[in-house]
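What follows is a single structure, written as structure tokens, with notes after it.
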Amino acid sequence: MKESEVPQDDANMLDGKLREPCYALDDNGKYTTVRSVGWEPKNIVMQDAWDAVYEKVAETKNRVKAGELSPIAYYMEKQLMDTSVLAAYTGFFRWTVKRHLKMKAFKKLNDIKLQKYADVFEIDIETLKNLELQ
Amino acid sequence: MAIEFQHQQSAHCENGVTSNLLNFYGIQLSEPMIFGIGSGLFFTHLPFAKVNGIPVTSFRPMPGLIFKRASKRLGFKVQKKKYRNQKTAMSALDALLKKNIPVGMLVGVYHLNYFPTAYRFHFNAHNLVVYGKEHDTYLISDPIMETPTTLSYAELQKVRFAKGMFAPKGHMYWAKKIPDEIDLKKAIVKGIRKTAKDMVDIPVPLVGTKGMKYLAGKIRKYPVKYGKRRAAQYLGQIVRAQEEVGTGGGGFRYMYAAFLQESADILKQDWLNDMAKEMTEVGDIWRTFAVETARIIKDRSALEDAYNKAADILVRIAEKEDVIFKRLKNIKE
């Protein structure tokens, strides 16, 4: 790839926060770096991965509304976590976290335990409890 | 208090931190040089190791290996430490900064607020250098960013103790002994030999050029086995590993070609320039693999033919790289 061929396909993947160095050949056939804002195939692939995340979050939200899953499940998906990451952050066992994802177990949680989840998600307890009202 | 530290952006964080730290001690080596000497080029497909339900394909060795190999081959002694207590980890950092020592460390990227949102997932093996502290703010040289940045005490503590796979546990590292003289030629040859062996000699079907052929075989079965949506996601993951995470394009192939070019001059071996050209061509083919994958993702009705075409590209790459690395394996000083 030549210097002049480095793609600059901006899909705002980098939020304008940086451009990424790409290695490319200059006119003398020597390698140099060119900063790029993006490349279409890469943008498509990244967008697809994020779409999958959003779909899962929306689906989880519906299941919370249906009373099947707890708000913890929603915030976990929203923050791209799985039960093992959430267990590590809260200090609960993974099987405990899995139980708390069910609405039935969630309703019995005391404020101390809820606070642990709220801290990890960086929200307050009320927001955590009242997801279905939003 | 700020240390006189020169920040240089790089494509890949581990190369960048190594290069910037060495530069601080007066050893100027480019990112491709560090990458090549540290044997950063690799390939593996692990169908049983899944992240978010998608099998892992990687174009690099385990996090930390590039730094470890490069520093060892250059004779650079490094001190490393992990911490159980978060406050202790922060005071240990402060103590080093007071002694004017820039400190490299591992962090999680999910809570790195200066990162673009699209890159903030629970990946815990990102490298950066802390080179100063002003009041409650740490001065950060993050090689992914164009310019130096900052993090507050609380923010830095949080990313140093991110949780999940590869949890950094406050891991930090700094230079203990700087070599008087560097045998660059020897380091380059060692780096190339290791990469070449990893790519063609490991008798396991999951790594190196064998791994690419193995993956090609899997890809052919994707649409039937997993259905279109999941098959496209599986394929997309490969391209994300290839292009997204700071490879400089073409799954590190262009960066490696740049390394071969520099090495040709240093070792005075012109054939390495030809190898660089070959490597560039392979990089171009890797890019066509990405183009093909993007086409499949965009056109959800993609047929098995499209997957076969992508797999064919991989086989072609594997065959080309097989020839390149078998030649590179015989490099002498």
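Each chain of the structure tokens is named A, B, ... in the order shown, its residues numbered from 1; ligands are numbered from 1 in display order.
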Hey, what's within 9 Å of Met90 in chain B if we count only C-alpha atoms and toss same-chain stuff fewer than 2 positions away? As a CSV table (one decimal) with N, CA and C atoms, in the first residue's frame, please?
```csv
chain,number,residue,atom,x,y,z
B,85,ASN,N,-2.7,-4.7,47.1
B,85,ASN,CA,-3.4,-3.5,47.7
B,85,ASN,C,-3.3,-2.3,46.8
B,86,GLN,N,-4.4,-1.7,46.5
B,86,GLN,CA,-4.5,-0.7,45.5
B,86,GLN,C,-3.8,0.6,45.9
B,87,LYS,N,-3.9,1.0,47.2
B,87,LYS,CA,-3.2,2.2,47.7
B,87,LYS,C,-1.7,2.0,47.6
B,88,THR,N,-1.2,0.8,48.0
B,88,THR,CA,0.2,0.5,47.9
B,88,THR,C,0.7,0.6,46.5
B,92,ALA,N,3.6,3.2,45.4
B,92,ALA,CA,4.8,2.7,44.8
B,92,ALA,C,5.1,3.5,43.5
B,93,LEU,N,4.0,3.8,42.8
B,93,LEU,CA,4.2,4.5,41.5
B,93,LEU,C,4.7,5.9,41.9
B,94,ASP,N,4.1,6.6,42.8
B,94,ASP,CA,4.5,7.9,43.2
B,94,ASP,C,6.0,8.0,43.6
B,95,ALA,N,6.4,6.9,44.3
B,95,ALA,CA,7.8,6.9,44.8
B,95,ALA,C,8.8,6.8,43.6
B,153,TYR,N,-6.1,10.5,39.9
B,153,TYR,CA,-5.7,9.4,40.8
B,153,TYR,C,-6.7,8.3,40.8
B,156,LEU,N,-6.8,6.5,37.4
B,156,LEU,CA,-5.7,5.6,37.2
B,156,LEU,C,-5.8,4.3,38.0
B,157,GLN,N,-6.2,4.5,39.3
B,157,GLN,CA,-6.3,3.4,40.2
B,157,GLN,C,-7.4,2.4,39.6
B,170,GLY,N,-2.6,-4.1,39.0
B,170,GLY,CA,-1.6,-3.0,39.3
B,170,GLY,C,-0.2,-3.2,38.8
```
**Request:** May I have the residues of chain A within 9 Å of chain B, counting only C-alpha atoms, written as an MDAnalysis selection string?
**Result:** chainID A and resid 1 13:25 30:33 40:50 52 79:82 84:89
**Request:** Return as a PyMOL selection string the full set of residues in range 62-295 of chain B whose backbone-based DSSP assignment is strand (DSSP E).
**Result:** chain B and resi 77-81+103-107+126-134+137-141+149-152+172-177
Could you write out that same residue set with C-alpha atoms as a CSV table (one decimal), in the first residue's frame?
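Result file is again_33.csv:
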```csv
chain,number,residue,atom,x,y,z
B,77,LYS,CA,17.0,-5.2,32.6
B,78,VAL,CA,13.4,-4.6,33.7
B,79,GLN,CA,11.9,-4.6,37.2
B,80,LYS,CA,8.3,-5.8,37.4
B,81,LYS,CA,5.7,-5.7,40.2
B,103,VAL,CA,6.9,3.8,34.7
B,104,GLY,CA,5.2,1.4,32.2
B,105,MET,CA,2.0,-0.3,33.3
B,106,LEU,CA,-0.8,-2.6,32.3
B,107,VAL,CA,-4.4,-1.2,32.4
B,126,HIS,CA,-3.2,-2.3,27.4
B,127,ASN,CA,0.1,-0.6,28.0
B,128,LEU,CA,0.9,3.0,28.8
B,129,VAL,CA,3.7,5.0,30.5
B,130,VAL,CA,3.2,7.3,33.5
B,131,TYR,CA,5.8,10.1,33.4
B,132,GLY,CA,4.7,12.6,36.0
B,133,LYS,CA,2.2,13.7,38.7
B,134,GLU,CA,0.9,17.2,39.1
B,137,THR,CA,-3.3,14.3,38.1
B,138,TYR,CA,-1.0,11.8,36.5
B,139,LEU,CA,0.7,12.6,33.2
B,140,ILE,CA,0.2,9.7,30.8
B,141,SER,CA,2.0,8.8,27.6
B,149,THR,CA,-2.9,12.8,28.1
B,150,THR,CA,-3.8,12.7,31.8
B,151,LEU,CA,-5.7,10.6,34.4
B,152,SER,CA,-6.8,11.5,37.9
B,172,MET,CA,3.9,-2.0,36.5
B,173,TYR,CA,7.4,-2.2,35.1
B,174,TRP,CA,10.4,0.1,34.9
B,175,ALA,CA,14.1,0.1,33.7
B,176,LYS,CA,16.5,-1.3,36.2
B,177,LYS,CA,19.7,-1.5,34.1
```
**Prompt:** Among range 47-108 of chain B, which ones does DSSP place in helix (DSSP H, G or I), written as a list in words?
**Reply:** Leu65, Ile66, Phe67, Lys68, Arg69, Ala70, Ser71, Lys72, Arg73, Leu74, Gln86, Lys87, Thr88, Ala89, Met90, Ser91, Ala92, Leu93, Asp94, Ala95, Leu96, Leu97 and Lys98 of chain B
**Message:** Neighbouring residues of Glu321 in chain B were defined as those with any atom within 9 Å, considering only C-alpha atoms; residues of the same chain fewer than 3 positions away were excluded. Please report them as a PyMOL selection string.
**Reply:** chain B and resi 199-200+209+278-279+282+316-318+324-326
Take the selection from the previous step and output its residues with C-alpha atoms, as an mmCIF file, in the first residue's frame.
```
data_model
loop_
_atom_site.group_PDB
_atom_site.id
_atom_site.type_symbol
_atom_site.label_atom_id
_atom_site.label_comp_id
_atom_site.auth_asym_id
_atom_site.auth_seq_id
_atom_site.Cartn_x
_atom_site.Cartn_y
_atom_site.Cartn_z
ATOM 1 C CA MET B 199 5.090 -19.332 11.907
ATOM 2 C CA VAL B 200 6.246 -22.515 10.170
ATOM 3 C CA THR B 209 0.671 -20.821 8.533
ATOM 4 C CA GLU B 278 6.921 -10.081 -0.462
ATOM 5 C CA MET B 279 5.649 -9.254 3.002
ATOM 6 C CA VAL B 282 0.950 -10.574 1.648
ATOM 7 C CA ARG B 316 -3.189 -18.315 -0.572
ATOM 8 C CA ILE B 317 -1.773 -16.184 2.238
ATOM 9 C CA ALA B 318 -0.677 -19.275 4.153
ATOM 10 C CA ILE B 324 8.711 -16.291 3.174
ATOM 11 C CA PHE B 325 9.251 -17.594 6.684
ATOM 12 C CA LYS B 326 11.088 -20.699 5.549
#
```
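Rounded to one decimal, CA of Asp142 in chain B and CA of Phe35 in chain B lie 17.1 Å from each other.
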**Message:** What's around Val64 in chain A at 9 Å? Count only C-alpha atoms, leave out sequence neighbours fewer than 2 positions away in its own chain, and write the answer as a ChimeraX atom specification.
**Reply:** /A:59-62,66-71,73-74,102-103,131-132
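For the pair CA of Pro63 in chain B and CA of Pro168 in chain B, the interatomic distance is 10.9 Å.
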**Asked** If you count only C-alpha atoms, which residues fall within 6 Å of Arg60 in chain B, apart from same-chain ones fewer than 2 positions away, as a list in words?
**Response** Gly40, Leu41, Phe42 and Ser58 of chain B
Write the residues of the selection above to a file with C-alpha atoms, as a CSV table (one decimal), in the first residue's frame.
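The result, stored in result.csv:
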```csv
chain,number,residue,atom,x,y,z
B,40,GLY,CA,5.6,-9.6,17.6
B,41,LEU,CA,4.2,-11.3,14.5
B,42,PHE,CA,2.3,-14.4,15.1
B,58,SER,CA,-4.9,-13.6,17.2
```
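When CA of Gly36 in chain B is paired with CA of Arg35 in chain A, their separation reads 21.2 Å.
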